[in-house]
Every structure is written in C-alpha cells, then in structure tokens.
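J.: Before we start, here is the structure in question, set down as structure tokens.
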Amino acid sequence: MAAHYIRQIDAASIFDAPIATTLEPLEKFFVAEQYHHDYAARNPSQPYIQAVAAPKVEKVRAVHRDMLKERT
C-alpha cells in the first residue's frame, strides 16, 4: 500500500524530486518497555500529550469516525 502511494505521489510530480523514503522489510520487532504502553492514557496532563497528541487524535476521530473501532 505504501509503495503504491509513493508511486502515485511521484507520478503526480507533487514535489521537485522523487520521494526519498525507502520501504524496508521488518527484520526484528522490539516490544516497548511497559512504561511506554498506553503512555497518553496514563499521562493525559503531560504537555506534549495536551498540546500535540490529543488534538491530533481528536481531529482523526472527528474526520474519520466511521473508520475507527469503538472505544473500549
């Protein structure tokens, strides 16, 4: 899907140069430490969460509500 999208962007000549992002196979996955899990839910008053992350999440919810799973 990502490769297709990159080809579309390149074909449309949206930018002066081709997309520089490369897609590489995932060779190994590392599970994050437990304190990183559900960080935003556990730290809602953290300045980055309030100023950046939460507004982005709310915008996605407002624009793409029909594409999201129900909250649990």
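For the structure tokens, the naming scheme is as follows: chains receive sequential letters (A, B, ...) according to their order of presentation, residues are indexed from 1 within each chain, and ligands are indexed from 1 in presentation order.
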If you run DSSP on the backbone here, which positions in stretch 3-72 of chain A get alpha helix (DSSP H)? Please write them as a list of chain:residue names.

T.: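 The residues of stretch 3-72 of chain A classed as alpha helix (DSSP H) are A:Ala3, A:His4, A:Tyr5, A:Ile6, A:Arg7, A:Gln8, A:Ile9, A:Asp10, A:Ala11, A:Tyr39, A:Ala40, A:Ala41, A:Arg42, A:Pro47, A:Tyr48, A:Ala54, A:Pro55, A:Lys56, A:Val57, A:Glu58, A:Lys59, A:Val60, A:Arg61, A:Ala62, A:Val63.
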
J.: Could you turn the residues from that selection into a file that holds N, CA and C atoms, as a PDB file, in the first residue's frame?

T.:
```pdb
ATOM      1  N   ALA A   3       3.986   1.531  -0.967  1.00  0.00           N
ATOM      2  CA  ALA A   3       4.722   1.631  -2.228  1.00  0.00           C
ATOM      3  C   ALA A   3       3.826   2.206  -3.323  1.00  0.00           C
ATOM      4  N   HIS A   4       2.577   1.771  -3.339  1.00  0.00           N
ATOM      5  CA  HIS A   4       1.622   2.280  -4.322  1.00  0.00           C
ATOM      6  C   HIS A   4       1.416   3.783  -4.135  1.00  0.00           C
ATOM      7  N   TYR A   5       1.266   4.205  -2.902  1.00  0.00           N
ATOM      8  CA  TYR A   5       1.049   5.622  -2.603  1.00  0.00           C
ATOM      9  C   TYR A   5       2.269   6.458  -3.008  1.00  0.00           C
ATOM     10  N   ILE A   6       3.461   5.957  -2.719  1.00  0.00           N
ATOM     11  CA  ILE A   6       4.687   6.667  -3.113  1.00  0.00           C
ATOM     12  C   ILE A   6       4.738   6.802  -4.637  1.00  0.00           C
ATOM     13  N   ARG A   7       4.382   5.742  -5.352  1.00  0.00           N
ATOM     14  CA  ARG A   7       4.369   5.812  -6.821  1.00  0.00           C
ATOM     15  C   ARG A   7       3.363   6.856  -7.313  1.00  0.00           C
ATOM     16  N   GLN A   8       2.201   6.918  -6.663  1.00  0.00           N
ATOM     17  CA  GLN A   8       1.194   7.914  -7.040  1.00  0.00           C
ATOM     18  C   GLN A   8       1.727   9.333  -6.838  1.00  0.00           C
ATOM     19  N   ILE A   9       2.346   9.570  -5.718  1.00  0.00           N
ATOM     20  CA  ILE A   9       2.889  10.902  -5.426  1.00  0.00           C
ATOM     21  C   ILE A   9       3.965  11.263  -6.449  1.00  0.00           C
ATOM     22  N   ASP A  10       4.865  10.324  -6.720  1.00  0.00           N
ATOM     23  CA  ASP A  10       5.917  10.580  -7.705  1.00  0.00           C
ATOM     24  C   ASP A  10       5.325  10.840  -9.091  1.00  0.00           C
ATOM     25  N   ALA A  11       4.334  10.057  -9.482  1.00  0.00           N
ATOM     26  CA  ALA A  11       3.731  10.211 -10.803  1.00  0.00           C
ATOM     27  C   ALA A  11       3.013  11.555 -10.945  1.00  0.00           C
ATOM     28  N   TYR A  39       0.911   5.239  27.020  1.00  0.00           N
ATOM     29  CA  TYR A  39       1.515   6.434  27.607  1.00  0.00           C
ATOM     30  C   TYR A  39       0.532   7.604  27.671  1.00  0.00           C
ATOM     31  N   ALA A  40      -0.139   7.886  26.579  1.00  0.00           N
ATOM     32  CA  ALA A  40      -1.046   9.036  26.560  1.00  0.00           C
ATOM     33  C   ALA A  40      -2.202   8.849  27.534  1.00  0.00           C
ATOM     34  N   ALA A  41      -2.739   7.651  27.611  1.00  0.00           N
ATOM     35  CA  ALA A  41      -3.847   7.386  28.529  1.00  0.00           C
ATOM     36  C   ALA A  41      -3.411   7.519  29.984  1.00  0.00           C
ATOM     37  N   ARG A  42      -2.167   7.146  30.261  1.00  0.00           N
ATOM     38  CA  ARG A  42      -1.662   7.214  31.632  1.00  0.00           C
ATOM     39  C   ARG A  42      -1.078   8.583  31.992  1.00  0.00           C
ATOM     40  N   PRO A  47       2.574  17.803  28.934  1.00  0.00           N
ATOM     41  CA  PRO A  47       2.415  18.898  27.956  1.00  0.00           C
ATOM     42  C   PRO A  47       2.378  18.457  26.494  1.00  0.00           C
ATOM     43  N   TYR A  48       3.223  17.525  26.085  1.00  0.00           N
ATOM     44  CA  TYR A  48       3.202  17.079  24.685  1.00  0.00           C
ATOM     45  C   TYR A  48       1.866  16.416  24.351  1.00  0.00           C
ATOM     46  N   ALA A  54      -3.059  14.760  21.735  1.00  0.00           N
ATOM     47  CA  ALA A  54      -4.514  14.723  21.941  1.00  0.00           C
ATOM     48  C   ALA A  54      -5.267  15.483  20.849  1.00  0.00           C
ATOM     49  N   PRO A  55      -4.826  16.687  20.458  1.00  0.00           N
ATOM     50  CA  PRO A  55      -5.542  17.363  19.365  1.00  0.00           C
ATOM     51  C   PRO A  55      -5.519  16.581  18.047  1.00  0.00           C
ATOM     52  N   LYS A  56      -4.400  15.911  17.750  1.00  0.00           N
ATOM     53  CA  LYS A  56      -4.331  15.108  16.522  1.00  0.00           C
ATOM     54  C   LYS A  56      -5.308  13.940  16.585  1.00  0.00           C
ATOM     55  N   VAL A  57      -5.365  13.283  17.725  1.00  0.00           N
ATOM     56  CA  VAL A  57      -6.277  12.146  17.884  1.00  0.00           C
ATOM     57  C   VAL A  57      -7.720  12.614  17.736  1.00  0.00           C
ATOM     58  N   GLU A  58      -8.052  13.733  18.345  1.00  0.00           N
ATOM     59  CA  GLU A  58      -9.418  14.244  18.239  1.00  0.00           C
ATOM     60  C   GLU A  58      -9.764  14.625  16.806  1.00  0.00           C
ATOM     61  N   LYS A  59      -8.815  15.178  16.074  1.00  0.00           N
ATOM     62  CA  LYS A  59      -9.061  15.527  14.676  1.00  0.00           C
ATOM     63  C   LYS A  59      -9.338  14.268  13.848  1.00  0.00           C
ATOM     64  N   VAL A  60      -8.554  13.220  14.073  1.00  0.00           N
ATOM     65  CA  VAL A  60      -8.779  11.957  13.362  1.00  0.00           C
ATOM     66  C   VAL A  60     -10.161  11.412  13.709  1.00  0.00           C
ATOM     67  N   ARG A  61     -10.516  11.470  14.989  1.00  0.00           N
ATOM     68  CA  ARG A  61     -11.837  10.977  15.401  1.00  0.00           C
ATOM     69  C   ARG A  61     -12.954  11.769  14.738  1.00  0.00           C
ATOM     70  N   ALA A  62     -12.788  13.068  14.618  1.00  0.00           N
ATOM     71  CA  ALA A  62     -13.825  13.903  14.015  1.00  0.00           C
ATOM     72  C   ALA A  62     -13.950  13.662  12.513  1.00  0.00           C
ATOM     73  N   VAL A  63     -12.827  13.499  11.841  1.00  0.00           N
ATOM     74  CA  VAL A  63     -12.831  13.376  10.386  1.00  0.00           C
ATOM     75  C   VAL A  63     -13.106  11.951   9.916  1.00  0.00           C
TER      76      VAL A  63
END
```

J.: Of the residues A:Leu23, A:Ala32, A:Ala17, A:Met67, which is the one nearest to A:Met1, using only C-alpha atoms?

T.: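 Selected residue with least distance to A:Met1: A:Leu23.
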
J.: Can you measure atom CA of A:Ile19 to atom CA of A:His64 for me? One decimal in Å is fine.

T.: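 It comes out at 26.2 Å.
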